[in-house]
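Q: So that you have it, the file is structure.pdb, and it contains PDB, C-alpha atoms:
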ATOM      1  CA  MET A   1       0.000   0.000   0.000
ATOM      2  CA  GLU A   2       1.251   3.456  -0.877
ATOM      3  CA  ASN A   3       1.967   6.089   1.723
ATOM      4  CA  LEU A   4      -0.454   8.937   2.300
ATOM      5  CA  ASN A   5       0.539  11.725  -0.084
ATOM      6  CA  LYS A   6      -0.837  15.000  -1.334
ATOM      7  CA  LEU A   7      -2.272  13.405  -4.458
ATOM      8  CA  ASN A   8      -4.555  11.212  -2.391
ATOM      9  CA  THR A   9      -8.276  11.726  -2.061
ATOM     10  CA  VAL A  10      -9.085  11.578   1.641
ATOM     11  CA  GLN A  11     -12.522  11.018   3.127
ATOM     12  CA  LEU A  12     -13.225  12.510   6.544
ATOM     13  CA  VAL A  13     -15.912  10.477   8.267
ATOM     14  CA  PHE A  14     -17.145  11.951  11.524
ATOM     15  CA  PHE A  15     -19.934  11.993  14.053
ATOM     16  CA  SER A  16     -20.569  14.914  16.390
ATOM     17  CA  GLY A  17     -23.343  15.302  18.920
ATOM     18  CA  THR A  18     -23.089  18.872  20.178
ATOM     19  CA  GLY A  19     -20.408  20.310  17.908
ATOM     20  CA  GLY A  20     -17.049  19.745  19.589
ATOM     21  CA  THR A  21     -15.975  16.907  17.326
ATOM     22  CA  LYS A  22     -17.263  18.789  14.278
ATOM     23  CA  ARG A  23     -14.785  21.558  15.059
ATOM     24  CA  ILE A  24     -11.983  19.010  14.892
ATOM     25  CA  ALA A  25     -13.324  17.540  11.645
ATOM     26  CA  ASP A  26     -13.602  21.043  10.176
ATOM     27  CA  SER A  27      -9.996  21.726  11.144
ATOM     28  CA  PHE A  28      -8.837  18.499   9.471
ATOM     29  CA  GLU A  29     -10.647  19.540   6.310
ATOM     30  CA  GLN A  30      -9.173  23.056   6.331
ATOM     31  CA  GLU A  31      -5.607  21.931   7.049
ATOM     32  CA  MET A  32      -5.689  19.180   4.407
ATOM     33  CA  ILE A  33      -6.996  21.588   1.780
ATOM     34  CA  LYS A  34      -4.078  23.873   2.641
ATOM     35  CA  ARG A  35      -1.802  20.884   1.977
ATOM     36  CA  ASN A  36      -3.435  20.286  -1.411
ATOM     37  CA  PHE A  37      -5.353  17.134  -0.535
ATOM     38  CA  GLU A  38      -8.613  16.288  -2.250
ATOM     39  CA  VAL A  39     -11.047  16.047   0.659
ATOM     40  CA  GLU A  40     -14.527  14.581   0.932
ATOM     41  CA  VAL A  41     -16.553  14.844   4.134
ATOM     42  CA  LYS A  42     -19.146  12.393   5.396
ATOM     43  CA  ASN A  43     -21.103  13.641   8.422
ATOM     44  CA  LEU A  44     -22.695  10.680  10.195
ATOM     45  CA  GLY A  45     -24.668  13.038  12.418
ATOM     46  CA  ASN A  46     -27.016  14.275   9.712
ATOM     47  CA  PRO A  47     -30.391  12.589  10.265
ATOM     48  CA  ARG A  48     -32.462  11.245   7.390
ATOM     49  CA  ARG A  49     -29.486  10.927   5.072
ATOM     50  CA  ASN A  50     -27.945   7.773   3.761
ATOM     51  CA  ASP A  51     -24.528   7.964   5.370
ATOM     52  CA  MET A  52     -23.653   4.326   4.966
ATOM     53  CA  PHE A  53     -20.505   3.187   3.203
ATOM     54  CA  SER A  54     -20.838   2.810  -0.564
ATOM     55  CA  GLU A  55     -18.792   0.926  -3.147
ATOM     56  CA  SER A  56     -18.430   4.102  -5.199
ATOM     57  CA  ASP A  57     -16.749   5.710  -2.171
ATOM     58  CA  SER A  58     -14.190   2.929  -1.943
ATOM     59  CA  GLN A  59     -13.252   3.247  -5.600
ATOM     60  CA  LYS A  60     -12.317   6.919  -5.437
ATOM     61  CA  ILE A  61     -11.054   7.266  -1.847
ATOM     62  CA  ASP A  62      -7.404   6.519  -1.095
ATOM     63  CA  PHE A  63      -7.297   7.206   2.640
ATOM     64  CA  TYR A  64      -9.864   7.569   5.420
ATOM     65  CA  ILE A  65      -9.848   9.523   8.662
ATOM     66  CA  LEU A  66     -12.574   8.530  11.126
ATOM     67  CA  ILE A  67     -13.333  10.962  13.967
ATOM     68  CA  PHE A  68     -15.843  10.478  16.768
ATOM     69  CA  PRO A  69     -16.550  11.464  20.391
ATOM     70  CA  VAL A  70     -16.187   8.818  23.080
ATOM     71  CA  TYR A  71     -19.644   7.650  24.158
ATOM     72  CA  ALA A  72     -20.043   5.228  27.059
ATOM     73  CA  PHE A  73     -16.251   4.739  26.922
ATOM     74  CA  ASP A  74     -16.706   3.358  23.414
ATOM     75  CA  VAL A  75     -17.795   4.419  19.929
ATOM     76  CA  PRO A  76     -21.184   6.041  19.151
ATOM     77  CA  LYS A  77     -23.730   3.848  17.421
ATOM     78  CA  PRO A  78     -23.853   5.876  14.137
ATOM     79  CA  VAL A  79     -20.149   5.133  13.665
ATOM     80  CA  TYR A  80     -20.648   1.413  14.250
ATOM     81  CA  ASN A  81     -23.554   1.512  11.791
ATOM     82  CA  TRP A  82     -21.230   3.009   9.165
ATOM     83  CA  ILE A  83     -18.534   0.403   9.817
ATOM     84  CA  ARG A  84     -20.998  -2.474   9.643
ATOM     85  CA  SER A  85     -22.268  -1.258   6.266
ATOM     86  CA  ILE A  86     -18.830  -1.640   4.667
ATOM     87  CA  ASN A  87     -18.868  -5.362   3.768
ATOM     88  CA  ASN A  88     -15.486  -5.984   2.094
ATOM     89  CA  GLN A  89     -15.101  -2.727   0.142
ATOM     90  CA  GLY A  90     -12.502  -1.466   2.598
ATOM     91  CA  LYS A  91      -9.968  -4.080   1.568
ATOM     92  CA  GLY A  92      -6.494  -2.585   1.275
ATOM     93  CA  LYS A  93      -7.543   0.915   2.340
ATOM     94  CA  LYS A  94      -5.693   2.789   5.060
ATOM     95  CA  ILE A  95      -7.546   4.541   7.864
ATOM     96  CA  ALA A  96      -6.671   6.711  10.852
ATOM     97  CA  VAL A  97      -9.016   6.556  13.851
ATOM     98  CA  ILE A  98      -9.300   9.659  16.047
ATOM     99  CA  SER A  99     -11.410   9.615  19.197
ATOM    100  CA  VAL A 100     -12.381  12.782  21.070
ATOM    101  CA  SER A 101     -13.079  13.031  24.781
ATOM    102  CA  GLY A 102     -13.324  15.496  27.621
ATOM    103  CA  GLY A 103     -10.934  13.482  29.766
ATOM    104  CA  GLY A 104      -8.133  12.443  27.458
ATOM    105  CA  GLU A 105      -6.368   9.108  27.155
ATOM    106  CA  VAL A 106      -7.032   7.964  30.726
ATOM    107  CA  TRP A 107      -9.126   5.207  32.294
ATOM    108  CA  PRO A 108     -11.933   4.442  31.591
ATOM    109  CA  ASN A 109     -11.441   5.955  28.111
ATOM    110  CA  THR A 110      -8.410   3.735  27.476
ATOM    111  CA  GLY A 111      -9.311   1.017  25.027
ATOM    112  CA  CYS A 112     -12.263   3.026  23.659
ATOM    113  CA  ARG A 113     -11.051   2.517  20.055
ATOM    114  CA  ASN A 114     -10.273  -1.199  20.338
ATOM    115  CA  ASP A 115     -13.552  -2.695  19.127
ATOM    116  CA  CYS A 116     -13.888  -0.055  16.416
ATOM    117  CA  CYS A 117     -10.400  -0.767  15.048
ATOM    118  CA  ARG A 118     -11.003  -4.503  15.214
ATOM    119  CA  GLU A 119     -14.219  -4.224  13.208
ATOM    120  CA  LEU A 120     -12.518  -2.014  10.630
ATOM    121  CA  GLU A 121      -9.764  -4.597  10.228
ATOM    122  CA  ASP A 122     -12.377  -7.325   9.859
ATOM    123  CA  LYS A 123     -13.757  -5.266   6.942
ATOM    124  CA  GLY A 124     -10.344  -5.246   5.268
ATOM    125  CA  PHE A 125      -9.110  -1.835   6.389
ATOM    126  CA  CYS A 126      -5.539  -1.298   7.512
ATOM    127  CA  VAL A 127      -5.698   0.832  10.656
ATOM    128  CA  VAL A 128      -2.362   2.639  10.546
ATOM    129  CA  TYR A 129      -2.964   5.261  13.207
ATOM    130  CA  ASP A 130      -5.144   5.883  16.243
ATOM    131  CA  ARG A 131      -5.071   8.723  18.705
ATOM    132  CA  MET A 132      -7.115  10.669  21.253
ATOM    133  CA  MET A 133      -7.912  14.367  20.984
ATOM    134  CA  CYS A 134      -9.631  16.467  23.649
ATOM    135  CA  MET A 135     -12.505  18.909  23.677
ATOM    136  CA  PRO A 136     -14.569  20.339  26.567
ATOM    137  CA  ALA A 137     -16.911  17.674  27.924
ATOM    138  CA  ASN A 138     -20.630  18.295  27.422
ATOM    139  CA  MET A 139     -21.631  16.456  30.601
ATOM    140  CA  ALA A 140     -20.399  15.490  34.069
ATOM    141  CA  VAL A 141     -17.247  17.667  34.193
ATOM    142  CA  LYS A 142     -17.807  21.298  33.227
ATOM    143  CA  VAL A 143     -14.561  23.113  32.467
ATOM    144  CA  ASN A 144     -13.921  26.811  32.927
ATOM    145  CA  ASP A 145     -13.871  29.125  29.921
ATOM    146  CA  HIS A 146     -10.084  29.480  30.004
ATOM    147  CA  LEU A 147      -9.542  25.735  29.688
ATOM    148  CA  ALA A 148     -12.247  25.487  27.028
ATOM    149  CA  MET A 149     -10.394  28.094  24.973
ATOM    150  CA  TRP A 150      -7.073  26.290  25.388
ATOM    151  CA  LEU A 151      -8.706  23.157  23.963
ATOM    152  CA  ILE A 152     -10.315  25.058  21.098
ATOM    153  CA  ASN A 153      -7.159  27.001  20.223
ATOM    154  CA  VAL A 154      -4.886  23.955  20.175
ATOM    155  CA  ILE A 155      -6.985  22.072  17.596
ATOM    156  CA  PRO A 156      -5.029  23.178  14.474
ATOM    157  CA  GLU A 157      -1.700  22.358  16.140
ATOM    158  CA  LYS A 158      -2.833  18.862  17.107
ATOM    159  CA  VAL A 159      -4.386  18.269  13.683
ATOM    160  CA  ASN A 160      -1.183  19.279  11.921
ATOM    161  CA  ASP A 161       0.833  17.002  14.226
ATOM    162  CA  ILE A 162      -1.360  14.098  13.126
ATOM    163  CA  LEU A 163      -1.107  15.034   9.448
ATOM    164  CA  ASP A 164       2.681  15.286   9.756
ATOM    165  CA  ASP A 165       2.725  11.785  11.260
ATOM    166  CA  LEU A 166       0.552  10.394   8.460
ATOM    167  CA  LEU A 167       2.602  12.039   5.715
ATOM    168  CA  SER A 168       5.792  10.624   7.190
ATOM    169  CA  ASN A 169       4.142   7.183   7.211
ATOM    170  CA  GLN A 170       4.381   6.917  10.983
ATOM    171  CA  ILE A 171       2.475   3.927  12.298
ATOM    172  CA  ARG A 172       0.838   4.691  15.631
ATOM    173  CA  ARG A 173      -1.285   2.012  17.249
ATOM    174  CA  THR A 174      -2.071   2.159  20.945
ATOM    175  CA  ASN A 175      -2.085  -1.039  22.944
ATOM    176  CA  TYR A 176      -4.454  -0.041  25.714
ATOM    177  CA  ARG A 177      -6.625  -2.889  26.903
ATOM    178  CA  LYS A 178     -10.233  -2.328  27.789
ATOM    179  CA  SER A 179     -10.619  -3.637  31.327
ATOM    180  CA  LEU A 180     -13.499  -5.796  32.497
ATOM    181  CA  MET A 181     -14.709  -2.821  34.521
ATOM    182  CA  GLY A 182     -14.528  -0.653  31.410
ATOM    183  CA  LYS A 183     -16.617  -3.162  29.460
ATOM    184  CA  TYR A 184     -19.113  -3.301  32.319
ATOM    185  CA  LEU A 185     -19.409   0.496  32.353
ATOM    186  CA  THR A 186     -19.916   0.559  28.572
ATOM    187  CA  ASN A 187     -22.731  -1.985  28.761
ATOM    188  CA  LEU A 188     -24.291  -0.140  31.688
ATOM    189  CA  GLU A 189     -24.164   3.213  29.879
ATOM    190  CA  ASN A 190     -25.636   1.755  26.690
ATOM    191  CA  LYS A 191     -28.568   0.317  28.645
ATOM    192  CA  ASN A 192     -28.955   3.591  30.489
ATOM    193  CA  ALA A 193     -29.071   5.529  27.198
ATOM    194  CA  LYS A 194     -32.308   3.831  26.199
ATOM    195  CA  LYS A 195     -33.951   5.210  29.343
ATOM    196  CA  PHE A 196     -32.382   8.650  29.200
ATOM    197  CA  ALA A 197     -34.702  10.187  26.615
ATOM    198  CA  GLN A 198     -37.750   8.758  28.358
ATOM    199  CA  GLU A 199     -36.793  10.819  31.404
ATOM    200  CA  LEU A 200     -36.399  14.098  29.523
ATOM    201  CA  ILE A 201     -38.902  16.810  30.318
ATOM    202  CA  ILE A 202     -40.348  19.062  27.633
ATOM    203  CA  THR A 203     -41.451  22.263  29.316
ATOM    204  CA  ASP A 204     -44.174  24.709  28.358
ATOM    205  CA  ASP A 205     -41.493  26.761  26.598
ATOM    206  CA  CYS A 206     -41.729  24.288  23.712
ATOM    207  CA  LYS A 207     -43.048  25.994  20.559
ATOM    208  CA  ASN A 208     -43.384  22.769  18.544
ATOM    209  CA  CYS A 209     -40.880  24.201  16.048
ATOM    210  CA  GLY A 210     -39.660  20.715  15.140
ATOM    211  CA  TRP A 211     -35.952  21.526  15.602
ATOM    212  CA  CYS A 212     -35.335  18.510  17.827
ATOM    213  CA  ILE A 213     -37.159  16.162  15.449
ATOM    214  CA  LYS A 214     -35.171  17.365  12.435
ATOM    215  CA  ASN A 215     -31.797  17.278  14.183
ATOM    216  CA  CYS A 216     -31.847  14.079  16.250
ATOM    217  CA  PRO A 217     -29.155  11.856  14.647
ATOM    218  CA  MET A 218     -30.976   8.700  15.741
ATOM    219  CA  GLU A 219     -34.455   9.843  14.599
ATOM    220  CA  ASN A 220     -35.491   9.222  18.191
ATOM    221  CA  ILE A 221     -37.899  12.164  18.483
ATOM    222  CA  VAL A 222     -41.314  12.118  16.824
ATOM    223  CA  LYS A 223     -44.534  14.101  16.797
ATOM    224  CA  THR A 224     -47.770  12.187  17.062
ATOM    225  CA  ALA A 225     -51.364  13.297  16.601
ATOM    226  CA  GLN A 226     -52.162  12.118  20.108
ATOM    227  CA  ALA A 227     -49.548  14.254  21.875
ATOM    228  CA  SER A 228     -49.215  18.030  22.094
ATOM    229  CA  LYS A 229     -45.410  17.860  22.353
ATOM    230  CA  PRO A 230     -42.681  15.757  20.738
ATOM    231  CA  GLN A 231     -42.253  12.223  22.030
ATOM    232  CA  PHE A 232     -39.058  10.244  22.619
ATOM    233  CA  LEU A 233     -38.473   6.670  21.475
ATOM    234  CA  ASP A 234     -35.882   4.196  22.791
ATOM    235  CA  ARG A 235     -32.969   4.789  20.372
ATOM    236  CA  CYS A 236     -31.274   7.566  22.367
ATOM    237  CA  ILE A 237     -27.461   7.549  22.585
ATOM    238  CA  ILE A 238     -27.243  10.568  24.953
ATOM    239  CA  CYS A 239     -25.593  12.806  22.362
ATOM    240  CA  LEU A 240     -27.413  15.733  24.084
ATOM    241  CA  ARG A 241     -27.990  17.568  20.820
ATOM    242  CA  CYS A 242     -31.659  18.092  21.619
ATOM    243  CA  VAL A 243     -31.041  19.202  25.219
ATOM    244  CA  TYR A 244     -28.399  21.815  24.396
ATOM    245  CA  GLY A 245     -29.561  22.698  20.889
ATOM    246  CA  CYS A 246     -33.256  23.422  21.446
ATOM    247  CA  PRO A 247     -33.745  27.093  20.437
ATOM    248  CA  PHE A 248     -36.086  27.621  23.392
ATOM    249  CA  ARG A 249     -34.208  25.524  25.997
ATOM    250  CA  ALA A 250     -37.431  23.592  26.392
ATOM    251  CA  ILE A 251     -35.861  20.131  26.838
ATOM    252  CA  GLN A 252     -34.532  19.488  30.311
ATOM    253  CA  SER A 253     -33.055  16.621  32.291
ATOM    254  CA  LYS A 254     -33.155  16.037  36.034
ATOM    255  CA  ARG A 255     -29.802  14.267  35.933
ATOM    256  CA  SER A 256     -27.041  16.155  37.711
ATOM    257  CA  VAL A 257     -24.455  15.294  35.034
ATOM    258  CA  ILE A 258     -26.270  17.520  32.504
ATOM    259  CA  PHE A 259     -25.194  21.160  32.557
ATOM    260  CA  LYS A 260     -28.167  23.287  33.580
ATOM    261  CA  SER A 261     -26.511  26.344  32.036
ATOM    262  CA  GLY A 262     -26.220  24.581  28.689
ATOM    263  CA  PHE A 263     -23.262  23.794  26.451
ATOM    264  CA  ASP A 264     -22.298  26.277  23.749
ATOM    265  CA  LEU A 265     -18.702  26.626  22.526
ATOM    266  CA  ASP A 266     -19.643  29.587  20.333
ATOM    267  CA  ALA A 267     -20.827  31.411  23.455
ATOM    268  CA  VAL A 268     -17.551  30.577  25.222
ATOM    269  CA  GLU A 269     -15.567  32.117  22.357
ATOM    270  CA  LYS A 270     -17.725  35.241  22.468
ATOM    271  CA  ARG A 271     -17.281  35.627  26.238
ATOM    272  CA  MET A 272     -13.525  35.109  26.015
ATOM    273  CA  GLU A 273     -12.846  37.403  23.068
ATOM    274  CA  GLY A 274      -9.864  39.599  23.963
ATOM    275  CA  VAL A 275      -9.331  37.890  27.331
ATOM    276  CA  GLU A 276      -5.804  36.737  28.154
ATOM    277  CA  LEU A 277      -5.867  33.042  29.016
ATOM    278  CA  MET A 278      -4.616  31.770  32.346
ATOM    279  CA  PRO A 279      -1.714  29.295  32.152
ATOM    280  CA  VAL A 280      -2.771  25.689  31.641
ATOM    281  CA  GLU A 281      -1.441  24.750  35.087
ATOM    282  CA  LYS A 282      -3.835  27.209  36.733
ATOM    283  CA  CYS A 283      -7.000  26.498  34.774
ATOM    284  CA  CYS A 284      -6.564  22.723  34.434
ATOM    285  CA  LYS A 285      -6.550  21.302  37.944
ATOM    286  CA  GLY A 286      -7.969  18.187  39.553
ATOM    287  CA  LEU A 287      -7.848  14.424  39.166
ATOM    288  CA  MET A 288     -10.560  14.400  36.492
ATOM    289  CA  LEU A 289      -8.466  16.620  34.201
ATOM    290  CA  ILE A 290      -5.099  14.853  34.416
ATOM    291  CA  GLY A 291      -5.456  13.500  30.881
ATOM    292  CA  VAL A 292      -6.457  16.905  29.527
ATOM    293  CA  LYS A 293      -3.466  18.573  31.164
ATOM    294  CA  LYS A 294      -1.100  16.020  29.626
ATOM    295  CA  TYR A 295      -2.737  16.582  26.258
ATOM    296  CA  LEU A 296      -2.239  20.341  26.423
ATOM    297  CA  ILE A 297       1.391  20.178  27.494
ATOM    298  CA  ASN A 298       2.141  17.874  24.567
ATOM    299  CA  LYS A 299       2.420  14.623  26.476
ATOM    300  CA  GLY A 300      -0.705  13.087  25.021
TER     301      GLY A 300
END
Can you dump the structure from the file as structure tokens?

A:
Amino acid sequence: MENLNKLNTVQLVFFSGTGGTKRIADSFEQEMIKRNFEVEVKNLGNPRRNDMFSESDSQKIDFYILIFPVYAFDVPKPVYNWIRSINNQGKGKKIAVISVSGGGEVWPNTGCRNDCCRELEDKGFCVVYDRMMCMPANMAVKVNDHLAMWLINVIPEKVNDILDDLLSNQIRRTNYRKSLMGKYLTNLENKNAKKFAQELIITDDCKNCGWCIKNCPMENIVKTAQASKPQFLDRCIICLRCVYGCPFRAIQSKRSVIFKSGFDLDAVEKRMEGVELMPVEKCCKGLMLIGVKKYLINKG
């Protein structure tokens, strides 16, 4: 197989729930265009589109980069759906697998790419590279605006590091094992996801605008003649797009891990415009952010 080179056509395949991973995918696209790559983008988060793998894709694509957020310490279902639609058309193709998390390459995220890479290899792909990138978490651990901006600002640097590795034909495969506890937590979270949407509350602020129905990547939100407000099915993956994206903030959760103030990286950038950032060591403290700190000081 030939090395990645600037004559290659590269397909960026990504899934993003609330926009953090999309920023990374957008940066990959921009930086590769600067390097004279031919780039195609496949967004697995667009509902009601056929985003499955196609034979025509495999004939014209030379290299793939797959990017996704870590869900339940594993890979989101839309990404698995894409992989499982491949059959054998991936034979001989190279792929880089990039996961994105709010905690970095630390337990229980370690091993989050294992099953994904294994399934890709079963489909004939050659996984030549896998790596973790970081973005502000959209649940559980809310970071301050300074740290959020550090993570946003470092995206192009990290993307170019990866592209430099790929162009120099560097093989990077992590050997993290997914522990039994990690597998247990993944199974528990996946079961919990099916219940999550059923617990969501649609307040009287709902205007029945249909935004949530149109934008749910799992088509898990419907409007029925019998109900005055949208209804949730059992295909939720806790991407939180509906909770944070509703124009009227009408979808709420009682769970403490969901940020009551919302999640909006555009708003963070607006608030921090012209503000001098605190050093990483001051704005990235605590056991939960050890992996993020290592990432920002170029150790991860």

Q: Would you write out, as JSON lines, a table of all residues in stretch 138-211 of chain A that have an atom no more than 10 Å from an atom of stretch 70-73 of chain A, listing for each the closest atom pair and the distance in Å to one decimal, considering all atoms listed in the file and ordering rows by chain and rising residue number?

A:
{"residue": "A:Lys178", "atom": "CA", "partner": "A:Phe73", "partner_atom": "CA", "distance": 9.3}
{"residue": "A:Gly182", "atom": "CA", "partner": "A:Phe73", "partner_atom": "CA", "distance": 7.2}
{"residue": "A:Lys183", "atom": "CA", "partner": "A:Phe73", "partner_atom": "CA", "distance": 8.3}
{"residue": "A:Leu185", "atom": "CA", "partner": "A:Ala72", "partner_atom": "CA", "distance": 7.1}
{"residue": "A:Thr186", "atom": "CA", "partner": "A:Ala72", "partner_atom": "CA", "distance": 4.9}
{"residue": "A:Asn187", "atom": "CA", "partner": "A:Ala72", "partner_atom": "CA", "distance": 7.9}
{"residue": "A:Leu188", "atom": "CA", "partner": "A:Ala72", "partner_atom": "CA", "distance": 8.3}
{"residue": "A:Glu189", "atom": "CA", "partner": "A:Ala72", "partner_atom": "CA", "distance": 5.4}
{"residue": "A:Asn190", "atom": "CA", "partner": "A:Ala72", "partner_atom": "CA", "distance": 6.6}
{"residue": "A:Lys191", "atom": "CA", "partner": "A:Ala72", "partner_atom": "CA", "distance": 10.0}
{"residue": "A:Asn192", "atom": "CA", "partner": "A:Ala72", "partner_atom": "CA", "distance": 9.7}
{"residue": "A:Ala193", "atom": "CA", "partner": "A:Ala72", "partner_atom": "CA", "distance": 9.0}

Q: Under the rule that all atoms listed in the file are counted, which of A:Tyr184, A:Tyr64, A:Tyr80, A:Tyr295 is the nearest residue to A:Val154?

A: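 So, comparing all the options, the nearest one is A:Tyr295.
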
Q: Just so the selection is clear, what residues does the PyMOL selection byres ((chain A and resi 203) around 12) cover here, as a VMD selection string?

A: chain A and resid 200 to 202 204 to 208 228 to 230 243 246 248 to 253

Q: Using only C-alpha atoms, can you tell me which of A:Met133, A:Ile95, A:Ile24, A:Met149 comes closest to A:Asn298?

A: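 Counting only C-alpha atoms, the residue closest to A:Asn298 is A:Met133.
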
Q: For a cut-off of 12 Å around (-16.2, -1.3, 7.6), file coordinates, pick out all residues using only C-alpha atoms and list them as a ChimeraX atom specification.

A: /A:13,52-55,58,64,66,79-95,115-127

Q: First collect every listed atom of stretch 194-213 of chain A; then fit an axis-aligned box around them, widen it by 4 Å on each side, and give centre and edge lengths in Å to one decimal, as JSON.

A:
{"center_x": -38.2, "center_y": 15.3, "center_z": 23.3, "size_x": 19.9, "size_y": 30.9, "size_z": 24.3}

Q: Let me make sure I understand: among A:Leu151, A:Met272, A:Gly262, A:Asn160, which one has the smallest atom-to-atom distance to A:Lys294 if we use all atoms listed in the file?

A: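 Among the listed residues, A:Leu151 lies closest to A:Lys294.
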
Q: Applied to this file, what does the PyMOL selection byres ((chain A and resi 159) around 12) return in terms of residues, put as a compact mmCIF listing (two decimals) with C-alpha atoms, keeping the file's coordinate frame?

A:
# COMPACT_ATOMS: atom_id res chain seq x y z
CA ARG A 23 -14.78 21.56 15.06
CA ILE A 24 -11.98 19.01 14.89
CA ALA A 25 -13.32 17.54 11.64
CA ASP A 26 -13.60 21.04 10.18
CA SER A 27 -10.00 21.73 11.14
CA PHE A 28 -8.84 18.50 9.47
CA GLU A 29 -10.65 19.54 6.31
CA GLN A 30 -9.17 23.06 6.33
CA GLU A 31 -5.61 21.93 7.05
CA MET A 32 -5.69 19.18 4.41
CA ILE A 65 -9.85 9.52 8.66
CA ILE A 67 -13.33 10.96 13.97
CA ILE A 98 -9.30 9.66 16.05
CA ARG A 131 -5.07 8.72 18.70
CA MET A 132 -7.12 10.67 21.25
CA MET A 133 -7.91 14.37 20.98
CA CYS A 134 -9.63 16.47 23.65
CA ILE A 152 -10.32 25.06 21.10
CA ASN A 153 -7.16 27.00 20.22
CA VAL A 154 -4.89 23.96 20.18
CA ILE A 155 -6.98 22.07 17.60
CA PRO A 156 -5.03 23.18 14.47
CA GLU A 157 -1.70 22.36 16.14
CA LYS A 158 -2.83 18.86 17.11
CA ASN A 160 -1.18 19.28 11.92
CA ASP A 161 0.83 17.00 14.23
CA ILE A 162 -1.36 14.10 13.13
CA LEU A 163 -1.11 15.03 9.45
CA ASP A 164 2.68 15.29 9.76
CA ASP A 165 2.72 11.78 11.26
CA LEU A 166 0.55 10.39 8.46

Q: Would you work out the distance separating atom CA of A:Glu105 from atom CA of A:Ile61, expressed in Å to one decimal?

A: 29.4 Å

Q: One decimal, in Å: what's the spacing between atom CA of A:Asn114 and atom CA of A:Pro78?

A: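 The value is 16.5 Å.
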
Q: Counting all atoms listed in the file, give me one row per residue of stretch 73-158 of chain A with an atom at most 9 Å from an atom of stretch 275-283 of chain A, showing the shortest contact pair and its distance in Å to one decimal, sorted by chain then residue number, as JSON lines.

A:
{"residue": "A:Val143", "atom": "CA", "partner": "A:Cys283", "partner_atom": "CA", "distance": 8.6}
{"residue": "A:Asn144", "atom": "CA", "partner": "A:Cys283", "partner_atom": "CA", "distance": 7.2}
{"residue": "A:Asp145", "atom": "CA", "partner": "A:Cys283", "partner_atom": "CA", "distance": 8.8}
{"residue": "A:His146", "atom": "CA", "partner": "A:Leu277", "partner_atom": "CA", "distance": 5.6}
{"residue": "A:Leu147", "atom": "CA", "partner": "A:Cys283", "partner_atom": "CA", "distance": 5.7}
{"residue": "A:Met149", "atom": "CA", "partner": "A:Leu277", "partner_atom": "CA", "distance": 7.8}
{"residue": "A:Trp150", "atom": "CA", "partner": "A:Val280", "partner_atom": "CA", "distance": 7.6}

Q: Calculate how many Å separate atom CA of A:Val100 from atom CA of A:Pro217, rounding to one decimal.

A: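 For atom CA of A:Val100 relative to atom CA of A:Pro217, the distance reads 18.0 Å.
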
Q: May I have the residues within 8 Å of A:Thr21 as a PDB file with C-alpha atoms, keeping the file's coordinate frame, using all atoms listed in the file and disregarding those fewer than 5 positions away in the same chain?

A:
ATOM      1  CA  PHE A  14     -17.145  11.951  11.524  1.00  0.00           C
ATOM      2  CA  PHE A  15     -19.934  11.993  14.053  1.00  0.00           C
ATOM      3  CA  SER A  16     -20.569  14.914  16.390  1.00  0.00           C
ATOM      4  CA  ILE A  67     -13.333  10.962  13.967  1.00  0.00           C
ATOM      5  CA  PHE A  68     -15.843  10.478  16.768  1.00  0.00           C
ATOM      6  CA  PRO A  69     -16.550  11.464  20.391  1.00  0.00           C
ATOM      7  CA  VAL A 100     -12.381  12.782  21.070  1.00  0.00           C
ATOM      8  CA  MET A 135     -12.505  18.909  23.677  1.00  0.00           C
TER       9      MET A 135
END

Q: Which residue, A:Val128, A:Leu287, A:Leu12, A:Met218, has the smallest gap to A:Ile238 when you use only C-alpha atoms?

A: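 Closest residue, counting only C-alpha atoms: A:Met218.
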